[in-house]
Amino acid sequence: MRTDNADDPERFAQRYSVSANPSQLATELEVLGSDYQANGYTTIAQADRMSAALGLEPGKILVDLGAGCGWPGLYMAASTGCSVLSIDPVGEGSATARDRIVADCLEPPSAAIQADAEAIPLRSRSVDAIVHGDVLC
Ligand SMILES: C[S@@+](CC[C@H](N)C(=O)[O-])C[C@H]1O[C@@H](n2cnc3c(N)ncnc32)[C@H](O)[C@@H]1O
């Protein structure tokens with residue numbers, strides 16, 4: 001499923017289908033400090049600062065809107081113990097995020113959901129914090 005609201009979904013889909021390329025991952029590690037197939041500019045230090053500012057800890061639920069392959073929300077969950085709902089309308093990104101959730105042993109309710117930020121399939125007041133990295137650009 002792709003929605004009309006996603007900005008150029010074909011471009012993102014194409015990017016996510018090749019972003020596990022070793023040279024791209026090496027560049028990402030060098031520039032951002034991450035290896036999540038990032039498609040934005042959030043550094044690992046900035047992600048750590050957001051986690052601290054949001055008071056993330058086990059038992060809390062974070063939503064990452066426009067997460068692509070899961071950066072930075074999956075990292076914030078792995079490093080703080082909170083749960084994360086990684087949301088993006090592009091299936092190639094959500095599938096990669098889902099694989100990373102399994103690889104990192106993040107437990108439910110952590111999940112990668114293919115959805116549009118304008119129609120998030122969550123109940124009101126059901127999460128503790130929301131982040132978005134390079135989505136409103
Ligand atoms: C520049 S990428 C950033 C991805 C990720 N946050 C990162 O830093 O690697 C922007 C993302 O926003 C998503 N996006 C675009 N329109 C959206 C919408 N209406 N709802 C949710 N996500 C959307 C795109 O599919 C894309 O994956």
# chains A, B, ... in the order shown; residues from 1 in each chain; ligands from 1

call {"tool": "residues_around", "arguments": {"residues": "Ser79 of chain A", "least_positions_apart": "2", "cutoff": "12 Å", "atoms": "only C-alpha atoms", "output": "compact mmCIF listing (two decimals) with N, CA and C atoms, in the first residue's frame"}}
result
# COMPACT_ATOMS: atom_id res chain seq x y z
N ILE A 44 23.69 10.09 15.43
CA ILE A 44 23.45 9.25 16.60
C ILE A 44 23.48 10.11 17.88
N ALA A 45 24.30 11.15 17.91
CA ALA A 45 24.35 12.03 19.08
C ALA A 45 23.02 12.79 19.23
N ALA A 47 20.11 11.71 18.13
CA ALA A 47 19.11 10.71 18.55
C ALA A 47 19.21 10.48 20.06
N ASP A 48 20.43 10.42 20.58
CA ASP A 48 20.61 10.24 22.03
C ASP A 48 20.03 11.43 22.80
N ARG A 49 20.24 12.63 22.27
CA ARG A 49 19.70 13.82 22.94
C ARG A 49 18.17 13.81 22.93
N MET A 50 17.58 13.37 21.81
CA MET A 50 16.12 13.30 21.76
C MET A 50 15.61 12.27 22.77
N SER A 51 16.29 11.13 22.88
CA SER A 51 15.85 10.11 23.83
C SER A 51 15.86 10.64 25.25
N ALA A 52 16.92 11.39 25.59
CA ALA A 52 17.02 11.95 26.94
C ALA A 52 15.94 12.99 27.17
N LEU A 56 12.75 8.68 27.47
CA LEU A 56 12.43 7.31 27.02
C LEU A 56 13.05 6.29 27.97
N GLU A 57 12.28 5.26 28.26
CA GLU A 57 12.72 4.20 29.17
C GLU A 57 11.80 3.00 28.95
N PRO A 58 12.18 1.83 29.50
CA PRO A 58 11.32 0.66 29.35
C PRO A 58 9.89 0.96 29.81
N PRO A 72 15.30 7.41 13.18
CA PRO A 72 16.12 7.00 14.31
C PRO A 72 15.37 6.19 15.37
N GLY A 73 14.07 5.95 15.16
CA GLY A 73 13.27 5.37 16.24
C GLY A 73 13.73 4.00 16.71
N LEU A 74 14.13 3.15 15.75
CA LEU A 74 14.54 1.79 16.18
C LEU A 74 15.77 1.86 17.07
N TYR A 75 16.68 2.75 16.73
CA TYR A 75 17.88 2.92 17.56
C TYR A 75 17.49 3.44 18.95
N MET A 76 16.59 4.41 18.99
CA MET A 76 16.18 4.99 20.27
C MET A 76 15.54 3.94 21.17
N ALA A 77 14.79 3.01 20.55
CA ALA A 77 14.19 1.92 21.34
C ALA A 77 15.26 0.94 21.82
N GLY A 81 15.43 0.96 25.74
CA GLY A 81 14.54 -0.09 26.26
C GLY A 81 13.07 0.23 26.08
N CYS A 82 12.76 1.42 25.49
CA CYS A 82 11.35 1.71 25.23
C CYS A 82 10.88 0.88 24.04
N SER A 83 9.57 0.91 23.77
CA SER A 83 9.04 0.28 22.56
C SER A 83 8.88 1.35 21.48
N VAL A 84 8.84 0.91 20.21
CA VAL A 84 8.71 1.88 19.12
C VAL A 84 7.75 1.35 18.07
N ASP A 104 17.22 -7.12 16.07
CA ASP A 104 17.61 -6.49 17.34
C ASP A 104 16.81 -7.03 18.53
N LEU A 106 13.78 -6.62 19.37
CA LEU A 106 12.84 -5.69 20.01
C LEU A 106 11.51 -6.41 20.14

call {"tool": "residues_near_ligand", "arguments": {"ligand": "ligand 1", "cutoff": "6 Å", "atoms": "only C-alpha atoms and all ligand atoms", "output": "NGL selection string"}}
result
:A and (5-7 or 9 or 12 or 38-40 or 65-68 or 71 or 88-90 or 116-118 or 132-135)

call {"tool": "write_last_selection", "arguments": {"atoms": "N, CA and C atoms", "output": "short mmCIF file (atom, residue, chain, number, x, y, z; two decimals), in the first residue's frame"}}
result
data_model
loop_
_atom_site.label_atom_id
_atom_site.label_comp_id
_atom_site.auth_asym_id
_atom_site.auth_seq_id
_atom_site.Cartn_x
_atom_site.Cartn_y
_atom_site.Cartn_z
N ASN A 5 -0.37 10.77 -0.14
CA ASN A 5 0.27 11.80 0.66
C ASN A 5 1.78 11.62 0.78
N ALA A 6 2.26 10.41 0.53
CA ALA A 6 3.70 10.20 0.64
C ALA A 6 4.40 10.96 -0.47
N ASP A 7 5.43 11.73 -0.09
CA ASP A 7 6.16 12.53 -1.04
C ASP A 7 7.03 11.61 -1.90
N PRO A 9 6.82 8.49 -3.37
CA PRO A 9 7.08 7.16 -2.80
C PRO A 9 7.97 6.29 -3.66
N PHE A 12 11.59 7.01 -2.76
CA PHE A 12 11.98 6.41 -1.48
C PHE A 12 12.08 4.89 -1.60
N ALA A 38 19.77 4.84 7.05
CA ALA A 38 19.16 6.17 7.23
C ALA A 38 19.01 6.89 5.90
N ASN A 39 17.99 7.72 5.84
CA ASN A 39 17.74 8.53 4.66
C ASN A 39 17.47 9.97 5.09
N GLY A 40 18.18 10.38 6.15
CA GLY A 40 18.01 11.73 6.67
C GLY A 40 19.34 12.19 7.25
N LEU A 65 7.45 8.78 13.07
CA LEU A 65 6.67 9.04 11.85
C LEU A 65 7.60 9.30 10.66
N GLY A 66 7.29 8.70 9.53
CA GLY A 66 8.16 8.86 8.36
C GLY A 66 9.51 8.23 8.63
N ALA A 67 9.47 7.03 9.20
CA ALA A 67 10.68 6.39 9.71
C ALA A 67 11.55 5.77 8.62
N GLY A 68 11.03 5.66 7.40
CA GLY A 68 11.81 4.99 6.37
C GLY A 68 12.15 3.57 6.79
N TRP A 71 15.12 4.57 11.03
CA TRP A 71 15.98 5.55 11.69
C TRP A 71 15.22 6.85 11.95
N ASP A 88 5.76 4.29 8.26
CA ASP A 88 6.09 4.89 6.96
C ASP A 88 5.16 4.30 5.91
N PRO A 89 4.72 5.11 4.94
CA PRO A 89 3.82 4.59 3.91
C PRO A 89 4.51 3.76 2.83
N VAL A 90 5.84 3.80 2.78
CA VAL A 90 6.56 3.08 1.72
C VAL A 90 6.93 1.68 2.22
N ASP A 116 0.20 6.08 6.65
CA ASP A 116 0.39 7.50 6.41
C ASP A 116 0.27 8.26 7.72
N ALA A 117 1.10 9.28 7.91
CA ALA A 117 1.06 10.06 9.14
C ALA A 117 -0.27 10.78 9.32
N GLU A 118 -0.99 10.97 8.22
CA GLU A 118 -2.28 11.67 8.32
C GLU A 118 -3.40 10.75 8.76
N HIS A 132 10.05 12.62 14.43
CA HIS A 132 10.11 12.47 12.98
C HIS A 132 11.41 13.09 12.51
N GLY A 133 12.11 12.37 11.68
CA GLY A 133 13.41 12.84 11.21
C GLY A 133 13.40 13.12 9.72
N ASP A 134 13.52 14.39 9.35
CA ASP A 134 13.56 14.79 7.94
C ASP A 134 12.32 14.36 7.18
N VAL A 135 11.17 14.60 7.78
CA VAL A 135 9.90 14.26 7.13
C VAL A 135 9.17 15.51 6.65
#

call {"tool": "select_by_dssp", "arguments": {"residues": "segment 18-79 of chain A", "states": "helix (DSSP H, G or I)", "output": "JSON, numbers by chain"}}
result
{"A": [18, 22, 23, 24, 25, 26, 27, 28, 29, 30, 31, 44, 45, 46, 47, 48, 49, 50, 51, 52, 53, 54, 73, 74, 75, 76, 77, 78, 79]}

call {"tool": "residues_around", "arguments": {"residues": "Leu32 of chain A", "least_positions_apart": "6", "cutoff": "8 Å", "atoms": "only C-alpha atoms", "output": "list of chain:residue names"}}
result
A:Tyr41, A:Thr42, A:Thr43, A:Ile44

call {"tool": "closest_residue", "arguments": {"among": "A:Gly91, A:Ser86, A:Ala26, A:Asp35", "to": "Gln14 of chain A", "atoms": "only C-alpha atoms"}}
result
A:Gly91

call {"tool": "residues_around", "arguments": {"residues": "Ala20 of chain A", "least_positions_apart": "3", "cutoff": "12 Å", "atoms": "only C-alpha atoms", "output": "short mmCIF file (atom, residue, chain, number, x, y, z; two decimals) with N, CA and C atoms, in the first residue's frame"}}
result
data_model
loop_
_atom_site.label_atom_id
_atom_site.label_comp_id
_atom_site.auth_asym_id
_atom_site.auth_seq_id
_atom_site.Cartn_x
_atom_site.Cartn_y
_atom_site.Cartn_z
N GLN A 14 12.85 3.13 -4.18
CA GLN A 14 14.08 2.79 -4.91
C GLN A 14 15.29 2.93 -3.99
N ARG A 15 15.29 4.00 -3.24
CA ARG A 15 16.43 4.23 -2.33
C ARG A 15 16.52 3.12 -1.28
N TYR A 16 15.38 2.76 -0.69
CA TYR A 16 15.41 1.76 0.37
C TYR A 16 15.77 0.37 -0.15
N SER A 17 15.54 0.14 -1.43
CA SER A 17 15.86 -1.18 -1.97
C SER A 17 17.37 -1.35 -2.18
N SER A 23 28.85 0.02 0.73
CA SER A 23 29.52 1.33 0.67
C SER A 23 28.59 2.41 1.24
N GLN A 24 27.30 2.28 1.02
CA GLN A 24 26.37 3.27 1.60
C GLN A 24 26.32 3.14 3.11
N LEU A 25 26.33 1.89 3.59
CA LEU A 25 26.31 1.69 5.05
C LEU A 25 27.59 2.24 5.68
N ALA A 26 28.72 2.05 5.00
CA ALA A 26 29.98 2.56 5.53
C ALA A 26 29.95 4.09 5.61
N THR A 27 29.37 4.72 4.59
CA THR A 27 29.26 6.18 4.58
C THR A 27 28.34 6.64 5.71
N GLU A 28 27.23 5.95 5.87
CA GLU A 28 26.28 6.31 6.93
C GLU A 28 26.95 6.20 8.31
N LEU A 29 27.71 5.12 8.49
CA LEU A 29 28.39 4.92 9.78
C LEU A 29 29.38 6.06 10.04
N ASP A 35 23.82 2.57 11.40
CA ASP A 35 23.81 1.60 10.29
C ASP A 35 22.39 1.10 10.08
N TYR A 36 21.45 2.04 10.11
CA TYR A 36 20.02 1.70 9.98
C TYR A 36 19.47 2.00 8.58
N GLN A 37 20.35 2.18 7.59
CA GLN A 37 19.92 2.57 6.25
C GLN A 37 19.18 3.92 6.30
N ALA A 38 19.77 4.84 7.05
CA ALA A 38 19.16 6.17 7.23
C ALA A 38 19.01 6.89 5.90
N ASN A 39 17.99 7.72 5.84
CA ASN A 39 17.74 8.53 4.66
C ASN A 39 17.47 9.97 5.09
N CYS A 69 13.45 3.27 6.88
CA CYS A 69 13.90 1.93 7.30
C CYS A 69 14.00 1.82 8.82
N GLU A 92 8.83 -0.74 1.18
CA GLU A 92 10.23 -1.20 1.22
C GLU A 92 10.90 -0.74 2.52
N GLY A 93 10.56 0.45 3.00
CA GLY A 93 11.13 0.93 4.26
C GLY A 93 10.57 0.16 5.44
N THR A 96 12.08 -3.28 5.78
CA THR A 96 13.44 -3.26 6.32
C THR A 96 13.41 -3.01 7.83
N ALA A 97 12.54 -2.09 8.25
CA ALA A 97 12.40 -1.81 9.68
C ALA A 97 11.93 -3.06 10.43
N ARG A 100 14.76 -5.37 10.97
CA ARG A 100 15.68 -4.88 12.00
C ARG A 100 15.09 -5.09 13.40
#

call {"tool": "atom_distance", "arguments": {"atom1": "atom CA of Asp128 of chain A", "atom2": "atom CA of Val63 of chain A"}}
result
8.1 Å
